$ cat upload_10.csv   # CSV, C-alpha atoms
chain,number,residue,atom,x,y,z
R,2,MET,CA,161.3,94.6,108.5
R,3,LEU,CA,158.7,91.9,109.4
R,4,ARG,CA,157.0,94.3,111.8
R,5,ALA,CA,156.8,96.9,109.1
R,6,LYS,CA,155.3,94.4,106.6
R,7,LEU,CA,152.7,93.3,109.2
R,8,LEU,CA,151.8,96.9,109.8
R,9,MET,CA,151.3,97.5,106.1
R,10,ILE,CA,149.1,94.4,105.7
R,11,SER,CA,147.0,95.4,108.7
R,12,LEU,CA,146.5,98.9,107.3
R,13,ALA,CA,145.5,97.5,103.9
R,14,LEU,CA,143.0,95.1,105.5
R,15,ALA,CA,141.6,97.8,107.6
R,16,GLY,CA,141.1,100.0,104.5
R,17,ALA,CA,139.4,97.1,102.7
R,18,LEU,CA,137.1,96.4,105.5
R,19,ALA,CA,136.1,100.0,105.8
R,20,ILE,CA,135.2,100.1,102.1
R,21,CYS,CA,133.1,96.9,102.6
R,22,GLN,CA,131.0,98.5,105.3
R,23,PRO,CA,127.4,99.3,104.2
R,24,LEU,CA,127.0,103.0,103.4
R,25,VAL,CA,124.9,105.0,105.9
R,26,ALA,CA,121.4,105.9,104.9
R,27,THR,CA,121.2,109.4,103.4
R,28,THR,CA,118.4,111.8,104.3
R,29,VAL,CA,116.6,113.7,101.5
R,30,ASN,CA,114.4,116.2,103.3
R,31,VAL,CA,113.7,119.8,103.9
R,32,ASP,CA,114.3,121.3,107.3
R,33,LEU,CA,110.8,121.9,108.6
R,34,SER,CA,111.8,122.8,112.1
R,35,GLY,CA,110.0,126.0,113.1
R,36,ALA,CA,108.2,126.3,109.8
R,37,ALA,CA,104.6,127.5,110.1
R,38,SER,CA,101.7,125.5,108.6
R,39,GLY,CA,100.9,126.8,105.1
R,40,THR,CA,104.5,127.8,104.3
R,41,SER,CA,105.1,127.3,100.6
R,42,ILE,CA,108.3,125.5,99.4
R,43,ILE,CA,108.8,126.0,95.7
R,44,ALA,CA,109.5,122.8,93.8
R,45,PRO,CA,111.9,121.3,92.9
R,46,GLY,CA,113.7,122.5,96.0
R,47,ALA,CA,115.1,119.9,98.3
R,48,SER,CA,114.8,117.1,95.7
R,49,PHE,CA,111.0,117.2,95.7
R,50,ALA,CA,108.5,118.1,93.0
R,51,GLN,CA,105.1,117.1,91.7
R,52,THR,CA,106.6,115.2,88.7
R,53,PHE,CA,109.8,114.4,86.8
R,54,ALA,CA,110.5,116.1,83.5
R,55,GLY,CA,108.5,114.4,80.8
R,56,GLN,CA,105.5,113.6,83.1
R,57,THR,CA,102.4,115.6,83.6
R,58,VAL,CA,99.8,115.5,86.4
R,59,ALA,CA,96.5,114.0,85.5
R,60,GLY,CA,94.2,114.3,88.6
R,61,THR,CA,95.8,112.1,91.3
R,62,GLY,CA,97.9,110.2,88.7
R,63,ILE,CA,100.7,110.9,86.1
R,64,THR,CA,101.0,110.6,82.4
R,65,GLY,CA,104.1,110.3,80.2
R,66,SER,CA,107.5,108.9,80.9
R,67,PRO,CA,110.5,110.7,82.5
R,68,THR,CA,113.1,112.1,80.2
R,69,ASN,CA,116.8,111.2,80.1
R,70,PRO,CA,118.5,112.1,82.4
R,71,LEU,CA,116.0,111.9,85.2
R,72,THR,CA,115.3,115.5,86.4
R,73,LEU,CA,112.6,117.1,88.4
R,74,SER,CA,110.0,119.4,86.8
R,75,PRO,CA,108.9,122.5,88.8
R,76,SER,CA,105.2,121.7,88.1
R,77,GLY,CA,104.0,122.8,91.5
R,78,PHE,CA,105.1,123.5,95.0
R,79,LEU,CA,105.1,121.9,98.5
R,80,GLU,CA,103.2,123.2,101.5
R,81,VAL,CA,104.2,122.7,105.1
R,82,ALA,CA,101.3,120.9,106.9
R,83,PHE,CA,100.7,120.0,110.5
R,84,TRP,CA,98.4,117.0,111.2
R,85,ASN,CA,97.6,115.3,114.4
R,86,PRO,CA,96.1,111.9,113.8
R,87,GLY,CA,94.6,111.9,117.3
R,88,VAL,CA,97.2,109.5,118.7
R,89,SER,CA,100.1,111.8,119.2
R,90,ALA,CA,101.2,115.2,117.9
R,91,ALA,CA,102.9,114.8,114.5
R,92,SER,CA,105.8,117.0,113.5
R,93,ASN,CA,105.5,119.2,110.5
R,94,SER,CA,105.3,117.4,107.1
R,95,ILE,CA,105.0,118.3,103.4
R,96,LEU,CA,102.0,118.2,101.2
R,97,PRO,CA,102.2,118.4,97.4
R,98,GLN,CA,100.3,121.3,95.8
R,99,PRO,CA,98.2,122.4,94.0
R,100,GLY,CA,95.6,119.9,95.0
R,101,ASN,CA,96.7,117.9,98.1
R,102,GLN,CA,96.2,114.6,96.1
R,103,ALA,CA,98.9,115.6,93.5
R,104,PRO,CA,101.7,113.1,92.9
R,105,LEU,CA,105.0,113.6,94.7
R,106,SER,CA,108.4,112.9,93.0
R,107,VAL,CA,111.7,112.5,94.8
R,108,LEU,CA,115.1,112.7,93.1
R,109,LEU,CA,118.0,111.2,95.0
R,110,ASP,CA,121.6,112.4,94.9
R,111,SER,CA,122.9,108.9,94.1
R,112,ASN,CA,121.6,105.5,93.0
R,113,ALA,CA,119.9,103.6,95.8
R,114,TYR,CA,118.7,100.1,96.5
R,115,SER,CA,116.2,100.9,99.4
R,116,VAL,CA,114.3,103.9,100.6
R,117,THR,CA,112.2,104.7,103.7
R,118,TRP,CA,109.8,107.5,104.5
R,119,THR,CA,106.9,108.4,106.9
R,120,MET,CA,103.5,108.9,105.4
R,121,GLY,CA,100.2,109.9,106.9
R,122,TYR,CA,96.6,110.0,105.8
R,123,ALA,CA,93.4,111.5,107.3
R,124,ASP,CA,90.4,110.3,105.4
R,125,SER,CA,91.3,107.3,103.2
R,126,SER,CA,93.4,104.1,103.5
R,127,GLY,CA,94.6,103.9,99.9
R,128,PRO,CA,96.1,102.1,98.2
R,129,ILE,CA,98.7,104.4,96.6
R,130,ASP,CA,101.1,103.5,93.8
R,131,VAL,CA,104.9,104.1,93.6
R,132,ASP,CA,107.0,104.1,90.4
R,133,PHE,CA,110.8,103.7,90.7
R,134,PHE,CA,113.0,105.0,87.9
R,135,ASP,CA,116.7,104.7,87.1
R,136,ALA,CA,118.9,107.7,86.3
R,137,SER,CA,117.8,107.6,82.6
R,138,GLY,CA,114.1,107.7,83.5
R,139,ASN,CA,113.4,104.1,82.8
R,140,LEU,CA,110.8,102.3,85.0
R,141,VAL,CA,112.6,100.0,87.3
R,142,SER,CA,109.8,98.8,89.5
R,143,PHE,CA,106.2,99.5,90.5
R,144,VAL,CA,104.5,98.8,93.8
R,145,SER,CA,100.9,99.3,95.2
R,146,VAL,CA,100.7,100.1,98.9
R,147,SER,CA,97.8,99.9,101.3
R,148,LEU,CA,98.2,102.7,103.9
R,149,LEU,CA,98.3,102.2,107.7
R,150,PRO,CA,96.2,104.4,110.0
R,151,GLY,CA,97.7,107.8,110.9
R,152,TYR,CA,101.4,108.3,110.4
R,153,ALA,CA,103.4,105.2,109.6
R,154,VAL,CA,106.9,104.3,108.3
R,155,TYR,CA,107.1,102.6,104.9
R,156,SER,CA,110.3,100.9,103.6
R,157,PHE,CA,110.9,99.7,100.1
R,158,SER,CA,113.7,97.4,98.8
R,159,GLY,CA,114.1,94.7,96.3
R,160,SER,CA,113.1,97.1,93.5
R,161,GLY,CA,116.5,97.1,91.8
R,162,VAL,CA,118.7,100.1,91.6
R,163,PHE,CA,116.8,103.4,91.3
R,164,ARG,CA,117.6,107.1,91.3
R,165,GLY,CA,114.1,108.5,91.9
R,166,PHE,CA,110.5,107.6,92.5
R,167,THR,CA,107.0,109.1,92.2
R,168,ILE,CA,104.2,108.5,94.7
R,169,PHE,CA,100.7,108.9,93.0
R,170,ASP,CA,97.1,107.7,92.9
R,171,ASP,CA,96.4,109.3,96.3
R,172,ASN,CA,92.6,109.2,97.0
R,173,ASP,CA,92.7,110.9,100.4
R,174,PRO,CA,90.6,114.1,100.1
R,175,ALA,CA,92.8,115.8,102.7
R,176,GLY,CA,96.0,114.7,100.9
R,177,LEU,CA,98.8,112.5,102.2
R,178,ARG,CA,101.5,114.1,104.4
R,179,PHE,CA,105.2,113.0,103.8
R,180,GLN,CA,108.1,113.2,106.2
R,181,ASN,CA,111.7,111.9,106.7
R,182,PHE,CA,112.8,110.4,103.4
R,183,SER,CA,116.1,108.4,103.7
R,184,TYR,CA,117.8,106.0,101.4
R,185,ASN,CA,120.6,103.5,101.2
R,186,PRO,CA,123.0,104.5,98.4
R,187,VAL,CA,124.7,102.0,96.1
R,188,PRO,CA,128.5,102.0,96.4
R,189,GLU,CA,130.2,103.9,93.7
R,190,PRO,CA,132.5,102.0,91.2
R,191,THR,CA,135.4,104.0,92.6
R,192,SER,CA,134.9,102.5,96.0
R,193,LEU,CA,134.8,99.0,94.5
R,194,LEU,CA,138.0,99.8,92.6
R,195,LEU,CA,139.7,100.9,95.8
R,196,LEU,CA,138.7,97.6,97.5
R,197,GLY,CA,140.1,95.5,94.6
R,198,THR,CA,143.4,97.5,94.7
R,199,ALA,CA,143.7,97.1,98.4
R,200,LEU,CA,143.2,93.4,98.2
R,201,MET,CA,145.5,92.9,95.3
R,202,GLY,CA,148.2,94.8,97.2
R,203,LEU,CA,148.1,92.1,99.8
R,204,VAL,CA,148.9,89.2,97.4
R,205,PRO,CA,152.6,89.8,96.7
R,206,ARG,CA,153.3,90.6,100.3
R,207,LEU,CA,151.7,87.4,101.5
R,208,ARG,CA,153.4,85.4,98.8
R,209,LYS,CA,156.8,86.8,99.8
R,210,LYS,CA,156.1,86.0,103.5
R,211,VAL,CA,155.2,82.4,102.7
R,212,SER,CA,158.2,81.8,100.5

$ encode --input "upload_10.csv" --output "structure tokens"
Amino acid sequence: MLRAKLLMISLALAGALAICQPLVATTVNVDLSGAASGTSIIAPGASFAQTFAGQTVAGTGITGSPTNPLTLSPSGFLEVAFWNPGVSAASNSILPQPGNQAPLSVLLDSNAYSVTWTMGYADSSGPIDVDFFDASGNLVSFVSVSLLPGYAVYSFSGSGVFRGFTIFDDNDPAGLRFQNFSYNPVPEPTSLLLLGTALMGLVPRLRKKVS
């Protein structure tokens, strides 16, 4: 009987610990392997578009506020681009069209607290601007970023919980190239509920054992 109780407690603890583990970063990207330069990808496929619904493109910037709920607006398309910054051959990347300097919006499958992507420029070092929005289209945070030479990895956190973001104010005449978007999702309420249930299930068993 004691052995069975200890086994049940061990299983409950293992389940609770598994729930507590940080969720693995999720990739939001199109598969560009084998895609030829110049291939068009119609927005808003693969979670990418020029803008969110409610916004319009104004040169290299955006006007208007996203609508509720946050959704992508098929205001343009993406083009597969290949760019070698002269240091090493870069893999295929995406370029917002029309006008390579157009904003790029990304809609995630779930709420997130951090995001990472690769970005490259040819002719200008920026800065560029990034708006972060919640699922209802409300502005959560705004950052201005100076670009590093060639392709570089950029990570953003501490912006609160967001569902999507728009990269804009690109002044590179050749246009920025984007690759490898990934994000860290926020645990769903159901996961937290399971954690609480698992821990509460331990209390009466531990009390009985002590008594």

$ residues_around --input "upload_10.csv" --residues "region 39-46 of chain R" --least-positions-apart "3" --cutoff "10 Å" --atoms "only C-alpha atoms" --output "list in words"
Asn30, Val31, Leu33, Ala36, Phe49, Ala50, Gln51, Thr52, Phe53, Thr72, Leu73, Ser74, Pro75, Ser76, Gly77, Phe78, Leu79, Glu80, Val81, Ala82, Phe83, Ile95, Leu96, Pro97, Gln98, Ser106, Val107 and Leu108 of chain R

$ closest_residue --input "upload_10.csv" --among "R:Ser66, R:Asn172, R:Ser48, R:Ser156" --to "Ser125 (chain R)" --atoms "all atoms listed in the file"
R:Asn172

$ residues_around --input "upload_10.csv" --residues "Leu140 (chain R)" --least-positions-apart "2" --cutoff "12 Å" --atoms "all atoms listed in the file" --output "list in words"
Gly65, Ser66, Pro67, Thr68, Asn69, Leu71, Val131, Asp132, Phe133, Phe134, Asp135, Ala136, Ser137, Gly138, Ser142, Phe143, Val144, Ser160, Gly161, Val162, Phe163, Arg164, Gly165, Phe166 and Thr167 of chain R

$ residues_around --input "upload_10.csv" --residues "Leu149 (chain R)" --least-positions-apart "2" --cutoff "8 Å" --atoms "all atoms listed in the file" --output "PDB file with C-alpha atoms, in the coordinates of the input"
ATOM      1  CA  GLY R 121     100.200 109.900 106.900  1.00  0.00           C
ATOM      2  CA  SER R 126      93.400 104.100 103.500  1.00  0.00           C
ATOM      3  CA  SER R 147      97.800  99.900 101.300  1.00  0.00           C
ATOM      4  CA  GLY R 151      97.700 107.800 110.900  1.00  0.00           C
ATOM      5  CA  TYR R 152     101.400 108.300 110.400  1.00  0.00           C
ATOM      6  CA  ALA R 153     103.400 105.200 109.600  1.00  0.00           C
TER       7      ALA R 153
END

$ atom_distance --input "upload_10.csv" --atom1 "CA of Asp110 (chain R)" --atom2 "CA of Gln180 (chain R)"
17.6 Å

$ atom_distance --input "upload_10.csv" --atom1 "CA of Pro104 (chain R)" --atom2 "CA of Val29 (chain R)"
17.2 Å

$ atom_distance --input "upload_10.csv" --atom1 "CA of Pro128 (chain R)" --atom2 "CA of Thr28 (chain R)"
25.1 Å

$ closest_residue --input "upload_10.csv" --among "R:Ser158, R:Ser183, R:Gln56, R:Ser38" --to "Trp84 (chain R)" --atoms "only C-alpha atoms"
R:Ser38

$ residues_around --input "upload_10.csv" --residues "Ser115 (chain R)" --least-positions-apart "3" --cutoff "6 Å" --atoms "only C-alpha atoms" --output "list in words"
Phe157, Ser158, Tyr184 and Asn185 of chain R

$ axis_aligned_box --input "upload_10.csv" --around "region 47-51 of chain R" --padding-each-side "8 Å" --output "lines of an AutoDock Vina configuration file"
center_x = 110.1
center_y = 118.5
center_z = 95.0
size_x = 26.0
size_y = 18.8
size_z = 22.6

$ residues_near_point --input "upload_10.csv" --point "(99.0, 100.8, 91.1)" --cutoff "7 Å" --atoms "only C-alpha atoms" --output "list in words"
Ile129, Asp130, Val144 and Ser145 of chain R

$ write_last_selection --input "upload_10.csv" --atoms "C-alpha atoms" --output "PDB file, in the coordinates of the input"
ATOM      1  CA  ILE R 129      98.700 104.400  96.600  1.00  0.00           C
ATOM      2  CA  ASP R 130     101.100 103.500  93.800  1.00  0.00           C
ATOM      3  CA  VAL R 144     104.500  98.800  93.800  1.00  0.00           C
ATOM      4  CA  SER R 145     100.900  99.300  95.200  1.00  0.00           C
TER       5      SER R 145
END

$ residues_around --input "upload_10.csv" --residues "Thr61 (chain R)" --least-positions-apart "6" --cutoff "6 Å" --atoms "only C-alpha atoms" --output "PyMOL selection string"
chain R and resi 102-103+170-171

$ closest_residue --input "upload_10.csv" --among "R:Met120, R:Ser94, R:Ala175, R:Gly127" --to "Tyr155 (chain R)" --atoms "all atoms listed in the file"
R:Met120

$ closest_residue --input "upload_10.csv" --among "R:Ala37, R:Leu105, R:Leu177, R:Ala26" --to "Thr57 (chain R)" --atoms "all atoms listed in the file"
R:Leu105

$ build_atoms --input "upload_10.csv" --residues "region 104-134 of chain R" --atoms "N, CA and C atoms" --output "PDB file, in the frame of the given file"
ATOM      1  N   PRO R 104     100.571 113.998  92.736  1.00  0.00           N
ATOM      2  CA  PRO R 104     101.700 113.100  92.900  1.00  0.00           C
ATOM      3  C   PRO R 104     102.905 113.847  93.540  1.00  0.00           C
ATOM      4  N   LEU R 105     103.811 113.097  94.129  1.00  0.00           N
ATOM      5  CA  LEU R 105     105.000 113.600  94.700  1.00  0.00           C
ATOM      6  C   LEU R 105     106.213 112.850  94.152  1.00  0.00           C
ATOM      7  N   SER R 106     107.180 113.534  93.522  1.00  0.00           N
ATOM      8  CA  SER R 106     108.400 112.900  93.000  1.00  0.00           C
ATOM      9  C   SER R 106     109.583 113.265  93.810  1.00  0.00           C
ATOM     10  N   VAL R 107     110.473 112.311  94.014  1.00  0.00           N
ATOM     11  CA  VAL R 107     111.700 112.500  94.800  1.00  0.00           C
ATOM     12  C   VAL R 107     112.884 112.092  93.963  1.00  0.00           C
ATOM     13  N   LEU R 108     113.850 112.996  93.797  1.00  0.00           N
ATOM     14  CA  LEU R 108     115.100 112.700  93.100  1.00  0.00           C
ATOM     15  C   LEU R 108     116.223 112.584  94.062  1.00  0.00           C
ATOM     16  N   LEU R 109     116.926 111.451  94.058  1.00  0.00           N
ATOM     17  CA  LEU R 109     118.000 111.200  95.000  1.00  0.00           C
ATOM     18  C   LEU R 109     119.336 111.717  94.452  1.00  0.00           C
ATOM     19  N   ASP R 110     120.285 111.943  95.353  1.00  0.00           N
ATOM     20  CA  ASP R 110     121.600 112.400  94.900  1.00  0.00           C
ATOM     21  C   ASP R 110     122.473 111.332  94.353  1.00  0.00           C
ATOM     22  N   SER R 111     122.119 110.063  94.597  1.00  0.00           N
ATOM     23  CA  SER R 111     122.900 108.900  94.100  1.00  0.00           C
ATOM     24  C   SER R 111     121.957 107.757  93.884  1.00  0.00           C
ATOM     25  N   ASN R 112     122.407 106.732  93.175  1.00  0.00           N
ATOM     26  CA  ASN R 112     121.600 105.500  93.000  1.00  0.00           C
ATOM     27  C   ASN R 112     121.387 104.858  94.370  1.00  0.00           C
ATOM     28  N   ALA R 113     120.249 104.208  94.526  1.00  0.00           N
ATOM     29  CA  ALA R 113     119.900 103.600  95.800  1.00  0.00           C
ATOM     30  C   ALA R 113     119.303 102.208  95.569  1.00  0.00           C
ATOM     31  N   TYR R 114     119.323 101.393  96.619  1.00  0.00           N
ATOM     32  CA  TYR R 114     118.700 100.100  96.500  1.00  0.00           C
ATOM     33  C   TYR R 114     117.561  99.926  97.557  1.00  0.00           C
ATOM     34  N   SER R 115     117.370 100.913  98.454  1.00  0.00           N
ATOM     35  CA  SER R 115     116.200 100.900  99.400  1.00  0.00           C
ATOM     36  C   SER R 115     115.920 102.317  99.803  1.00  0.00           C
ATOM     37  N   VAL R 116     114.675 102.540 100.185  1.00  0.00           N
ATOM     38  CA  VAL R 116     114.300 103.900 100.600  1.00  0.00           C
ATOM     39  C   VAL R 116     113.193 103.725 101.695  1.00  0.00           C
ATOM     40  N   THR R 117     113.164 104.688 102.603  1.00  0.00           N
ATOM     41  CA  THR R 117     112.200 104.700 103.700  1.00  0.00           C
ATOM     42  C   THR R 117     111.643 106.089 103.879  1.00  0.00           C
ATOM     43  N   TRP R 118     110.354 106.172 104.164  1.00  0.00           N
ATOM     44  CA  TRP R 118     109.800 107.500 104.500  1.00  0.00           C
ATOM     45  C   TRP R 118     108.570 107.285 105.400  1.00  0.00           C
ATOM     46  N   THR R 119     108.141 108.396 106.019  1.00  0.00           N
ATOM     47  CA  THR R 119     106.900 108.400 106.900  1.00  0.00           C
ATOM     48  C   THR R 119     105.823 109.064 106.067  1.00  0.00           C
ATOM     49  N   MET R 120     104.636 108.459 106.158  1.00  0.00           N
ATOM     50  CA  MET R 120     103.500 108.900 105.400  1.00  0.00           C
ATOM     51  C   MET R 120     102.243 108.843 106.235  1.00  0.00           C
ATOM     52  N   GLY R 121     101.392 109.849 106.130  1.00  0.00           N
ATOM     53  CA  GLY R 121     100.200 109.900 106.900  1.00  0.00           C
ATOM     54  C   GLY R 121      98.953 110.241 106.152  1.00  0.00           C
ATOM     55  N   TYR R 122      97.814 109.629 106.495  1.00  0.00           N
ATOM     56  CA  TYR R 122      96.600 110.000 105.800  1.00  0.00           C
ATOM     57  C   TYR R 122      95.510 110.344 106.852  1.00  0.00           C
ATOM     58  N   ALA R 123      94.495 111.077 106.406  1.00  0.00           N
ATOM     59  CA  ALA R 123      93.400 111.500 107.300  1.00  0.00           C
ATOM     60  C   ALA R 123      92.110 110.829 106.999  1.00  0.00           C
ATOM     61  N   ASP R 124      91.769 110.677 105.722  1.00  0.00           N
ATOM     62  CA  ASP R 124      90.400 110.300 105.400  1.00  0.00           C
ATOM     63  C   ASP R 124      90.332 108.979 104.538  1.00  0.00           C
ATOM     64  N   SER R 125      91.436 108.445 104.061  1.00  0.00           N
ATOM     65  CA  SER R 125      91.300 107.300 103.200  1.00  0.00           C
ATOM     66  C   SER R 125      92.554 106.381 103.387  1.00  0.00           C
ATOM     67  N   SER R 126      92.333 105.078 103.257  1.00  0.00           N
ATOM     68  CA  SER R 126      93.400 104.100 103.500  1.00  0.00           C
ATOM     69  C   SER R 126      94.139 103.673 102.263  1.00  0.00           C
ATOM     70  N   GLY R 127      93.889 104.293 101.155  1.00  0.00           N
ATOM     71  CA  GLY R 127      94.600 103.900  99.900  1.00  0.00           C
ATOM     72  C   GLY R 127      93.926 102.841  99.155  1.00  0.00           C
ATOM     73  N   PRO R 128      94.653 102.081  98.338  1.00  0.00           N
ATOM     74  CA  PRO R 128      96.100 102.100  98.200  1.00  0.00           C
ATOM     75  C   PRO R 128      96.657 103.245  97.403  1.00  0.00           C
ATOM     76  N   ILE R 129      97.967 103.420  97.477  1.00  0.00           N
ATOM     77  CA  ILE R 129      98.700 104.400  96.600  1.00  0.00           C
ATOM     78  C   ILE R 129      99.649 103.577  95.758  1.00  0.00           C
ATOM     79  N   ASP R 130     100.155 104.201  94.720  1.00  0.00           N
ATOM     80  CA  ASP R 130     101.100 103.500  93.800  1.00  0.00           C
ATOM     81  C   ASP R 130     102.444 104.284  93.840  1.00  0.00           C
ATOM     82  N   VAL R 131     103.517 103.533  93.633  1.00  0.00           N
ATOM     83  CA  VAL R 131     104.900 104.100  93.600  1.00  0.00           C
ATOM     84  C   VAL R 131     105.614 103.561  92.396  1.00  0.00           C
ATOM     85  N   ASP R 132     106.131 104.448  91.547  1.00  0.00           N
ATOM     86  CA  ASP R 132     107.000 104.100  90.400  1.00  0.00           C
ATOM     87  C   ASP R 132     108.444 104.381  90.793  1.00  0.00           C
ATOM     88  N   PHE R 133     109.357 103.441  90.517  1.00  0.00           N
ATOM     89  CA  PHE R 133     110.800 103.700  90.700  1.00  0.00           C
ATOM     90  C   PHE R 133     111.481 103.758  89.379  1.00  0.00           C
ATOM     91  N   PHE R 134     112.350 104.776  89.221  1.00  0.00           N
ATOM     92  CA  PHE R 134     113.000 105.000  87.900  1.00  0.00           C
ATOM     93  C   PHE R 134     114.532 105.035  88.120  1.00  0.00           C
TER      94      PHE R 134
END
